[in-house]
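Participant: Structure file final_4.csv (CSV, C-alpha atoms) is given on the next line.
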chain,number,residue,atom,x,y,z
U,21,MET,CA,-51.9,0.7,-57.0
U,22,GLU,CA,-49.0,-1.7,-56.9
U,23,ASP,CA,-46.7,0.9,-58.7
U,24,ARG,CA,-47.6,3.5,-56.0
U,25,GLU,CA,-46.7,1.1,-53.3
U,26,ASP,CA,-43.4,0.3,-55.0
U,27,LEU,CA,-42.6,4.0,-55.2
U,28,GLU,CA,-43.2,4.4,-51.5
U,29,LEU,CA,-41.0,1.4,-50.7
U,30,VAL,CA,-38.3,2.8,-53.0
U,31,ARG,CA,-38.5,6.1,-51.1
U,32,GLN,CA,-38.2,4.4,-47.8
U,33,ALA,CA,-35.4,2.1,-49.0
U,34,ARG,CA,-33.5,5.2,-50.3
U,35,SER,CA,-33.7,6.7,-46.8
U,36,GLY,CA,-31.9,3.6,-45.5
U,37,LEU,CA,-34.8,1.4,-44.4
U,38,ARG,CA,-33.6,-2.1,-45.3
U,39,GLU,CA,-37.0,-3.6,-44.5
U,40,ALA,CA,-38.5,-1.6,-47.4
U,41,TYR,CA,-36.0,-3.0,-49.8
U,42,GLU,CA,-36.6,-6.5,-48.5
U,43,ALA,CA,-40.3,-5.9,-49.2
U,44,LEU,CA,-39.5,-4.9,-52.8
U,45,VAL,CA,-37.3,-8.0,-53.2
U,46,ARG,CA,-40.1,-10.2,-51.8
U,47,ARG,CA,-42.6,-8.6,-54.3
U,48,HIS,CA,-40.5,-8.9,-57.4
U,49,HIS,CA,-37.9,-11.7,-57.0
U,50,ALA,CA,-40.1,-14.5,-58.5
U,51,ARG,CA,-40.6,-12.6,-61.8
U,52,VAL,CA,-37.0,-11.6,-61.9
U,53,LEU,CA,-36.0,-15.2,-61.3
U,54,GLN,CA,-38.3,-16.4,-64.1
U,55,LEU,CA,-36.9,-13.9,-66.5
U,56,CYS,CA,-33.3,-15.0,-65.6
U,57,LEU,CA,-34.3,-18.6,-65.9
U,58,CYS,CA,-35.7,-18.2,-69.4
U,59,LEU,CA,-32.7,-16.2,-70.5
U,60,LEU,CA,-30.0,-18.4,-68.9
U,61,SER,CA,-31.7,-21.8,-69.0
U,62,ASP,CA,-30.3,-23.0,-65.7
U,63,ARG,CA,-31.8,-22.6,-62.2
U,64,SER,CA,-28.5,-22.2,-60.3
U,65,ARG,CA,-27.2,-19.6,-62.7
U,66,ALA,CA,-30.6,-17.9,-62.7
U,67,GLU,CA,-30.5,-17.6,-58.9
U,68,ASP,CA,-27.0,-16.2,-59.0
U,69,ALA,CA,-28.2,-13.7,-61.6
U,70,ALA,CA,-31.3,-12.7,-59.6
U,71,GLN,CA,-29.1,-12.0,-56.6
U,72,GLU,CA,-26.8,-9.9,-58.8
U,73,VAL,CA,-29.7,-8.0,-60.3
U,74,PHE,CA,-31.1,-7.0,-56.9
U,75,LEU,CA,-27.6,-6.0,-55.7
U,76,LYS,CA,-27.2,-3.8,-58.8
U,77,ALA,CA,-30.7,-2.4,-58.3
U,78,TYR,CA,-29.9,-1.6,-54.7
U,79,ARG,CA,-26.8,0.3,-55.7
U,80,SER,CA,-28.6,2.2,-58.4
U,81,LEU,CA,-31.8,2.9,-56.5
U,82,GLU,CA,-30.9,6.6,-56.4
U,83,GLY,CA,-30.9,6.6,-60.2
U,84,PHE,CA,-34.5,5.2,-60.5
U,85,GLU,CA,-36.5,8.2,-61.6
U,86,GLY,CA,-39.9,6.6,-61.8
U,87,ALA,CA,-40.3,7.2,-65.6
U,88,CYS,CA,-41.3,3.6,-65.9
U,89,SER,CA,-42.6,1.2,-63.3
U,90,LEU,CA,-40.1,-0.4,-60.9
U,91,SER,CA,-41.1,-3.7,-62.4
U,92,THR,CA,-40.0,-2.6,-65.9
U,93,TRP,CA,-36.9,-1.1,-64.5
U,94,LEU,CA,-36.0,-4.3,-62.8
U,95,HIS,CA,-36.7,-6.1,-66.1
U,96,ARG,CA,-34.2,-3.8,-67.7
U,97,VAL,CA,-31.5,-4.4,-65.1
U,98,ALA,CA,-32.1,-8.2,-65.2
U,99,THR,CA,-32.1,-8.4,-69.0
U,100,ASN,CA,-28.9,-6.3,-69.3
U,101,HIS,CA,-27.2,-8.5,-66.8
U,102,CYS,CA,-28.3,-11.8,-68.4
U,103,LEU,CA,-27.4,-10.5,-71.9
U,104,ASP,CA,-23.9,-9.7,-70.5
U,105,VAL,CA,-23.6,-13.2,-69.1
U,106,LEU,CA,-24.8,-14.7,-72.5
U,107,ARG,CA,-22.4,-12.6,-74.5
U,108,LYS,CA,-19.5,-13.7,-72.3
U,109,GLU,CA,-20.5,-17.3,-72.9
U,110,ALA,CA,-21.2,-16.9,-76.7
U,111,ARG,CA,-18.0,-18.5,-77.7
U,112,ARG,CA,-18.8,-21.6,-75.8
U,113,ARG,CA,-22.1,-22.2,-77.5
U,114,THR,CA,-21.9,-25.0,-80.0
U,115,GLU,CA,-25.5,-26.2,-80.6
U,116,SER,CA,-27.4,-24.6,-83.5
U,117,LEU,CA,-31.2,-24.8,-83.8
U,118,ASP,CA,-30.8,-27.0,-86.8
U,119,GLU,CA,-28.7,-29.5,-84.9
U,120,LEU,CA,-31.1,-29.4,-82.0
U,121,VAL,CA,-34.1,-30.0,-84.2
U,122,GLU,CA,-32.4,-32.9,-85.8
U,123,ARG,CA,-31.3,-34.5,-82.6
U,124,GLU,CA,-34.5,-34.0,-80.6
U,125,GLY,CA,-37.0,-34.6,-83.3
U,126,GLU,CA,-39.0,-37.2,-81.4
U,127,ARG,CA,-39.2,-35.2,-78.2
U,128,LEU,CA,-40.2,-32.1,-80.2
U,129,GLN,CA,-43.0,-34.2,-81.9
U,130,ARG,CA,-44.3,-35.2,-78.4
U,131,ALA,CA,-44.1,-31.6,-77.1
U,132,LEU,CA,-45.5,-29.8,-80.1
U,133,GLY,CA,-47.7,-32.4,-81.8
U,134,SER,CA,-51.5,-32.5,-81.5
U,135,SER,CA,-51.2,-35.4,-79.0
U,136,SER,CA,-49.0,-33.4,-76.6
U,137,ASP,CA,-50.2,-33.4,-73.0
U,138,PRO,CA,-50.8,-29.8,-71.8
U,139,SER,CA,-50.8,-31.0,-68.2
U,140,ARG,CA,-47.1,-32.0,-68.4
U,141,PRO,CA,-45.3,-28.8,-69.5
U,142,LEU,CA,-42.2,-29.5,-67.5
U,143,GLU,CA,-41.4,-32.5,-69.6
U,144,ALA,CA,-40.5,-30.1,-72.4
U,145,ALA,CA,-39.0,-27.3,-70.2
U,146,ASP,CA,-35.4,-28.1,-70.7
U,147,LEU,CA,-35.9,-28.6,-74.4
U,148,ALA,CA,-37.8,-25.3,-74.5
U,149,SER,CA,-34.8,-23.6,-72.8
U,150,ARG,CA,-32.4,-25.1,-75.3
U,151,ILE,CA,-34.5,-24.0,-78.2
U,152,LEU,CA,-34.7,-20.4,-76.9
U,153,SER,CA,-30.9,-20.4,-76.3
U,154,CYS,CA,-30.4,-20.9,-80.0
U,155,LEU,CA,-32.0,-17.5,-80.8
U,156,PRO,CA,-29.9,-14.3,-81.0
U,157,GLU,CA,-29.8,-12.8,-77.5
U,158,GLU,CA,-31.8,-9.7,-78.2
U,159,GLN,CA,-34.5,-11.5,-80.0
U,160,ARG,CA,-34.7,-14.0,-77.2
U,161,ALA,CA,-34.9,-11.3,-74.6
U,162,ALA,CA,-37.8,-9.5,-76.4
U,163,LEU,CA,-39.6,-12.8,-76.9
U,164,VAL,CA,-39.2,-13.9,-73.2
U,165,LEU,CA,-40.3,-10.5,-71.9
U,166,ARG,CA,-43.4,-10.7,-74.1
U,167,GLU,CA,-44.4,-14.3,-73.6
U,168,THR,CA,-43.5,-15.0,-70.0
U,169,GLN,CA,-43.6,-11.5,-68.4
U,170,GLY,CA,-46.5,-10.2,-70.5
U,171,LEU,CA,-44.9,-6.9,-71.1
U,172,SER,CA,-46.4,-4.6,-73.8
U,173,TYR,CA,-44.3,-3.5,-76.8
U,174,ARG,CA,-43.7,-0.2,-75.0
U,175,GLU,CA,-42.6,-1.8,-71.8
U,176,ILE,CA,-40.2,-4.1,-73.7
U,177,ALA,CA,-38.8,-1.1,-75.5
U,178,GLN,CA,-38.2,0.6,-72.1
U,179,ALA,CA,-36.6,-2.6,-70.7
U,180,LEU,CA,-34.3,-3.1,-73.7
U,181,GLU,CA,-33.7,0.6,-74.3
U,182,CYS,CA,-34.7,0.5,-77.9
U,183,SER,CA,-37.6,1.7,-80.1
U,184,VAL,CA,-41.0,0.0,-80.3
U,185,ASP,CA,-40.4,-0.7,-84.0
U,186,SER,CA,-37.2,-2.5,-83.0
U,187,VAL,CA,-39.1,-4.6,-80.5
U,188,LYS,CA,-41.7,-5.5,-83.1
U,189,ALA,CA,-38.9,-6.4,-85.6
U,190,ARG,CA,-37.1,-8.6,-83.0
U,191,LEU,CA,-40.3,-10.4,-82.0
U,192,ARG,CA,-41.2,-11.0,-85.7
U,193,ARG,CA,-37.8,-12.4,-86.5
U,194,ALA,CA,-37.7,-14.6,-83.5
U,195,ARG,CA,-41.1,-16.0,-84.1
U,196,ALA,CA,-40.4,-16.5,-87.8
U,197,ILE,CA,-37.3,-18.5,-87.0
U,198,LEU,CA,-39.1,-20.7,-84.5
U,199,GLN,CA,-42.1,-21.3,-86.8
U,200,GLU,CA,-39.9,-22.1,-89.7
U,201,LYS,CA,-37.7,-24.6,-87.7
U,202,LEU,CA,-40.5,-26.1,-85.6
U,203,ARG,CA,-43.3,-26.1,-88.2
U,204,HIS,CA,-42.7,-29.7,-89.1
U,205,PHE,CA,-43.5,-30.8,-85.5
U,206,SER,CA,-46.5,-28.6,-84.7
U,207,GLY,CA,-49.0,-29.8,-87.2
U,208,PRO,CA,-52.3,-31.3,-86.2
H,13,MET,CA,-54.6,-3.8,-96.8
H,14,ARG,CA,-53.3,-6.6,-98.9
H,15,HIS,CA,-52.8,-10.2,-97.7
H,16,GLU,CA,-49.1,-9.8,-97.2
H,17,GLU,CA,-49.5,-6.6,-95.2
H,18,LEU,CA,-52.2,-8.2,-93.0
H,19,ARG,CA,-50.1,-11.3,-92.5
H,20,GLU,CA,-47.2,-9.1,-91.2
H,21,ARG,CA,-49.6,-8.0,-88.4
H,22,LEU,CA,-50.7,-11.4,-87.2
H,23,TYR,CA,-48.2,-11.2,-84.3
H,24,ASP,CA,-49.6,-7.8,-83.3
H,25,LEU,CA,-53.0,-9.3,-83.1
H,26,TYR,CA,-51.7,-12.2,-81.1
H,27,ASP,CA,-50.0,-9.8,-78.7
H,28,ARG,CA,-53.1,-7.7,-78.5
H,29,GLU,CA,-51.3,-4.6,-79.7
H,30,LEU,CA,-53.5,-3.6,-82.6
H,31,PRO,CA,-55.6,-0.5,-82.6
H,32,VAL,CA,-59.3,-1.3,-82.9
H,33,PRO,CA,-59.8,-0.4,-86.6
H,34,GLU,CA,-56.9,-2.6,-87.7
H,35,LEU,CA,-58.1,-5.3,-85.4
H,36,ARG,CA,-61.5,-5.4,-87.1
H,37,GLU,CA,-59.9,-5.5,-90.5
H,38,LEU,CA,-57.5,-8.3,-89.6
H,39,GLU,CA,-60.3,-10.3,-87.9
H,40,ALA,CA,-62.4,-10.0,-91.1
H,41,HIS,CA,-59.4,-11.2,-93.1
H,42,LEU,CA,-58.8,-14.2,-90.9
H,43,GLY,CA,-62.4,-15.2,-91.4
H,44,ALA,CA,-61.7,-15.5,-95.1
H,45,CYS,CA,-58.0,-16.6,-95.2
H,46,ALA,CA,-57.2,-20.2,-94.2
H,47,GLU,CA,-53.4,-19.6,-94.6
H,48,CYS,CA,-53.3,-16.7,-92.1
H,49,ARG,CA,-55.6,-18.7,-89.7
H,50,ALA,CA,-53.2,-21.7,-89.9
H,51,SER,CA,-50.2,-19.5,-89.3
H,52,LEU,CA,-51.7,-17.9,-86.2
H,53,GLU,CA,-52.8,-21.3,-84.9
H,54,GLU,CA,-49.3,-22.7,-85.5
H,55,TRP,CA,-47.6,-19.9,-83.5
H,56,ARG,CA,-50.1,-20.4,-80.7
H,57,ARG,CA,-49.3,-24.1,-80.5
H,58,ILE,CA,-45.5,-23.4,-80.5
H,59,ALA,CA,-45.7,-20.7,-77.9
H,60,GLY,CA,-47.9,-22.8,-75.8
H,61,ALA,CA,-45.3,-25.5,-75.7
H,62,LEU,CA,-42.3,-23.3,-75.3
H,63,PHE,CA,-43.6,-21.1,-72.6
H,64,ALA,CA,-45.9,-23.5,-70.7
H,65,ALA,CA,-43.5,-24.1,-67.8
H,66,PRO,CA,-45.0,-22.5,-64.6
H,67,ALA,CA,-43.3,-19.5,-63.1
H,68,PRO,CA,-41.0,-20.3,-60.2
H,69,ALA,CA,-42.6,-20.1,-56.8
H,70,PRO,CA,-41.6,-17.3,-54.5
H,71,SER,CA,-38.6,-18.4,-52.5
H,72,GLU,CA,-37.9,-17.0,-49.0
H,73,ALA,CA,-34.5,-18.6,-49.1
H,74,LEU,CA,-33.6,-16.6,-52.2
H,75,VAL,CA,-35.0,-13.4,-50.6
H,76,GLN,CA,-32.8,-14.0,-47.6
H,77,ARG,CA,-29.8,-14.8,-49.8
H,78,ILE,CA,-30.3,-11.5,-51.7
H,79,MET,CA,-30.6,-9.5,-48.5
H,80,ARG,CA,-27.5,-11.1,-47.0
H,81,GLY,CA,-25.6,-10.1,-50.2
H,82,LEU,CA,-26.4,-6.4,-49.9
H,83,PRO,CA,-23.7,-4.0,-48.6
H,84,GLY,CA,-24.0,-3.2,-44.9
H,85,HIS,CA,-25.4,-6.5,-43.9
H,86,GLU,CA,-25.0,-6.7,-40.1
H,87,GLU,CA,-24.1,-10.4,-39.8
H,88,SER,CA,-20.8,-11.6,-41.2
H,89,ALA,CA,-21.2,-14.4,-43.7
H,90,PRO,CA,-21.8,-17.6,-41.8
H,91,THR,CA,-18.8,-20.0,-41.6
H,92,PRO,CA,-19.6,-23.2,-43.3
H,93,ALA,CA,-20.2,-26.1,-40.9
H,94,TRP,CA,-17.5,-28.2,-42.6
H,95,THR,CA,-14.9,-25.6,-41.7
H,96,LEU,CA,-15.7,-25.8,-38.0
H,97,ARG,CA,-15.8,-29.6,-38.1
H,98,TRP,CA,-12.3,-29.9,-39.5
H,99,LEU,CA,-10.8,-26.9,-37.7
H,100,ALA,CA,-9.9,-28.8,-34.4
H,101,PRO,CA,-8.3,-31.9,-35.9
H,102,ALA,CA,-6.5,-29.8,-38.5
H,103,PHE,CA,-5.1,-27.5,-35.8
H,104,SER,CA,-4.0,-30.5,-33.7
H,105,LEU,CA,-2.3,-32.1,-36.8
H,106,ALA,CA,-0.5,-28.8,-37.5
H,107,LEU,CA,0.8,-28.6,-33.9
H,108,ALA,CA,2.0,-32.2,-34.0
H,109,GLY,CA,3.7,-31.6,-37.3
H,110,LEU,CA,5.6,-28.5,-35.9
H,111,ALA,CA,6.7,-30.5,-32.9
H,112,ILE,CA,8.1,-33.3,-35.1
H,113,LEU,CA,9.9,-30.7,-37.2
H,114,ALA,CA,11.5,-29.2,-34.1
H,115,TRP,CA,13.1,-32.7,-33.4
H,116,PRO,CA,14.2,-34.1,-36.7
H,117,ASP,CA,16.5,-36.6,-35.1
H,118,GLY,CA,13.8,-38.2,-33.0
H,119,ASN,CA,15.9,-37.9,-29.8
H,120,GLY,CA,13.1,-39.1,-27.5
H,121,VAL,CA,12.0,-35.8,-26.0
H,122,SER,CA,8.3,-35.8,-25.7
H,123,ALA,CA,5.9,-32.8,-26.1
H,124,GLU,CA,5.0,-33.3,-22.5
H,125,THR,CA,8.6,-32.7,-21.4
H,126,LEU,CA,8.7,-29.6,-23.5
H,127,ILE,CA,5.7,-28.2,-21.9
H,128,LEU,CA,6.7,-29.1,-18.4
H,129,ALA,CA,10.1,-27.5,-19.0
H,130,GLY,CA,8.5,-24.1,-18.8
H,131,GLY,CA,8.6,-24.4,-15.0
H,132,GLU,CA,6.8,-21.8,-12.9
H,133,GLU,CA,6.6,-19.5,-15.8
H,134,GLY,CA,4.3,-21.8,-17.7
H,135,PRO,CA,4.8,-23.8,-20.9
H,136,SER,CA,7.5,-22.6,-23.2
H,137,LEU,CA,6.5,-22.0,-26.8
H,138,ALA,CA,10.0,-21.2,-27.9
H,139,ALA,CA,10.0,-24.1,-30.4
H,140,PHE,CA,7.2,-22.4,-32.3
H,141,SER,CA,8.7,-18.9,-32.5
H,142,PRO,CA,10.5,-17.6,-35.5
H,143,GLN,CA,13.7,-17.4,-33.5
H,144,ALA,CA,13.5,-20.9,-32.3
H,145,PRO,CA,16.8,-22.3,-30.9
H,146,LYS,CA,18.5,-25.2,-32.6
H,147,PRO,CA,17.4,-28.6,-31.4
H,148,ASP,CA,20.6,-29.3,-29.5
H,149,ASP,CA,20.3,-25.9,-27.7
H,150,LEU,CA,16.7,-26.7,-26.9
H,151,LEU,CA,17.6,-30.1,-25.5
H,152,GLY,CA,20.2,-28.5,-23.3
H,153,LEU,CA,17.6,-26.0,-22.1
H,154,ILE,CA,15.1,-28.7,-21.3
H,155,LEU,CA,17.6,-31.0,-19.5
H,156,GLU,CA,19.2,-28.1,-17.5
H,157,GLU,CA,18.9,-28.6,-13.8
H,158,PRO,CA,16.5,-26.2,-12.1
Can you turn what I pasted into structure tokens?
Facilitator:
Amino acid sequence: MEDREDLELVRQARSGLREAYEALVRRHHARVLQLCLCLLSDRSRAEDAAQEVFLKAYRSLEGFEGACSLSTWLHRVATNHCLDVLRKEARRRTESLDELVEREGERLQRALGSSSDPSRPLEAADLASRILSCLPEEQRAALVLRETQGLSYREIAQALECSVDSVKARLRRARAILQEKLRHFSGP
Amino acid sequence: MRHEELRERLYDLYDRELPVPELRELEAHLGACAECRASLEEWRRIAGALFAAPAPAPSEALVQRIMRGLPGHEESAPTPAWTLRWLAPAFSLALAGLAILAWPDGNGVSAETLILAGGEEGPSLAAFSPQAPKPDDLLGLILEEP
């Protein structure tokens, strides 16, 4: 139902009705922002990225064929944009997951241990972002699309323009890395 | 399937991507394998902590910012308030600076005199034109009898 409404709004937006595109932005901006936030680890940069994503989508609206849902298509545009940003910044990254685990051991224990308080997830939010930022970009993108956006393997493959087997491999590697490094803190 | 093969598929079970026959087989294996159960529980705990932050709330400000950034937006970008606040004093300072430059010797001719020298034709802005006369010529012009 939502997909059908999206398609109608896309049709209207293509014919020049700005209100239709505004309705699409209103429907999808929070999820796009969340994805950008998880990939870029910074609210201000995530908002800049979300704005850029909707500008790119607006310019490419004619190319949207409806082969996947508009939501998946926007995820693709957003992921590609954020991966570009991350690749440009790759040389500036200095913190490895090992260094982070060593430096933040106590906080990790509090966030992952059996006595962690599930009602205070924000306490670990910046730490979670830093941990995710240590993963290779494409593994991180697959994991974020799965865990925060709830996309299926097939939808992730469409968003990342790769095969379903590749998605499964990226997810498996990302999770194996995180389990190996964080196992020490997650015990009962 | 063997233990190693089934263990490889634990994430597929977690992601609810297993076809029913394999799901049944893996569930039966989990009932008997403490190692696989512990591994699955471990990942659930890690994922719960890493992805527990709530999704950002919808933001009308961001929607409007996005719409303003699209090509063909009718309104021009708003001028920041600080620019307007500083425009008047900055312009006055620039005028004063130009007036001082026009009389480097400080010969006592005031800006008021300069403006009044325009006579019936209004204030003279000759001092601010690219072809401005030399200060001495200008002084002569100003002091010239009507």
Participant: Check the smallest atom-to-atom distance from each of H:Ile78, H:Leu107, H:Ala61, H:Ala73 to Arg130 in chain U using only C-alpha atoms, then report the winner.
Facilitator: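 Smallest distance to Arg130 in chain U is found for H:Ala61.
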Participant: Residues near range 58-75 of chain U, anyone? I mean within 6 Å using only C-alpha atoms, not counting same-chain ones fewer than 4 positions away, as a ChimeraX atom specification.
Facilitator: /U:53,98,149 /H:78,82
Participant: Would you mind listing what lies within 10 Å of Leu152 in chain U as a ChimeraX atom specification, with only C-alpha atoms counted and same-chain residues fewer than 2 positions away left out?
Facilitator: /U:58-61,117,146-150,154-157,159-161,163-164,194,198 /H:62-63
Participant: Distance table requested - chain H against chain U, cut-off 7 Å, only C-alpha atoms: one row per qualifying residue with the closest atom pair and its distance in Å to one decimal, ordered by chain and rising residue number, as JSON lines.
Facilitator:
{"residue": "H:Glu54", "atom": "CA", "partner": "U:Ser206", "partner_atom": "CA", "distance": 6.6}
{"residue": "H:Trp55", "atom": "CA", "partner": "U:Gln199", "partner_atom": "CA", "distance": 6.6}
{"residue": "H:Arg57", "atom": "CA", "partner": "U:Ser206", "partner_atom": "CA", "distance": 6.8}
{"residue": "H:Ile58", "atom": "CA", "partner": "U:Leu132", "partner_atom": "CA", "distance": 6.4}
{"residue": "H:Ala61", "atom": "CA", "partner": "U:Leu132", "partner_atom": "CA", "distance": 6.2}
{"residue": "H:Leu62", "atom": "CA", "partner": "U:Ala148", "partner_atom": "CA", "distance": 5.0}
{"residue": "H:Phe63", "atom": "CA", "partner": "U:Thr168", "partner_atom": "CA", "distance": 6.6}
{"residue": "H:Ala64", "atom": "CA", "partner": "U:Pro141", "partner_atom": "CA", "distance": 5.5}
{"residue": "H:Ala65", "atom": "CA", "partner": "U:Pro141", "partner_atom": "CA", "distance": 5.3}
{"residue": "H:Ala67", "atom": "CA", "partner": "U:Gln54", "partner_atom": "CA", "distance": 6.0}
{"residue": "H:Pro68", "atom": "CA", "partner": "U:Ala50", "partner_atom": "CA", "distance": 6.1}
{"residue": "H:Ala69", "atom": "CA", "partner": "U:Ala50", "partner_atom": "CA", "distance": 6.4}
{"residue": "H:Pro70", "atom": "CA", "partner": "U:Ala50", "partner_atom": "CA", "distance": 5.1}
{"residue": "H:Val75", "atom": "CA", "partner": "U:Arg46", "partner_atom": "CA", "distance": 6.1}
{"residue": "H:Ile78", "atom": "CA", "partner": "U:Gln71", "partner_atom": "CA", "distance": 5.1}
{"residue": "H:Met79", "atom": "CA", "partner": "U:Glu42", "partner_atom": "CA", "distance": 6.7}
{"residue": "H:Leu82", "atom": "CA", "partner": "U:Leu75", "partner_atom": "CA", "distance": 5.9}
Participant: Record the distance separating CA of Asn100 in chain U and CA of Leu180 in chain U, expressed in Å with one decimal.
Facilitator: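 If I compute the distance from CA of Asn100 in chain U to CA of Leu180 in chain U, I get 7.7 Å.
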Participant: Enter the distance from CA of Asp24 in chain H to CA of Glu181 in chain U, in Å, rounded to one decimal.
Facilitator: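 CA of Glu181 in chain U lies 20.1 Å from CA of Asp24 in chain H.
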Participant: What does the distance between CA of Arg77 in chain H and CA of Ile176 in chain U come to in Å, to one decimal place?
Facilitator: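 CA of Ile176 in chain U lies at a distance of 28.2 Å from CA of Arg77 in chain H.
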Participant: Here is a test: counting all atoms listed in the file, which residue of U:Glu22, U:Ser35, U:Cys56, U:Glu200 is nearest to Leu106 in chain U?
Facilitator: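 Distance minimum relative to Leu106 in chain U lands on U:Cys56.
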Participant: List the spatial neighbours of range 28-43 of chain H as a PyMOL selection string - criterion: any atom at most 10 Å away, all atoms listed in the file, same-chain residues fewer than 6 positions off excluded.
Facilitator: (chain U and resi 172-174) or (chain H and resi 13-15+17-19+21-22+49-50+52)
Participant: Hey, which of U:Val187, U:Leu165, U:Leu27, U:Ala33 ends up closest to Cys88 in chain U? Count all atoms listed in the file.
Facilitator: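 Answer, going by the shortest atom-to-atom distance: U:Leu27.
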Participant: Would you give the centre and edge lengths, in Å to one decimal, of a box along x, y and z around the listed atoms of range 51-68 of chain U, with 3 Å added to each side, as lines of an AutoDock Vina configuration file?
Facilitator:
center_x = -33.8
center_y = -17.3
center_z = -64.7
size_x = 19.6
size_y = 17.4
size_z = 17.6
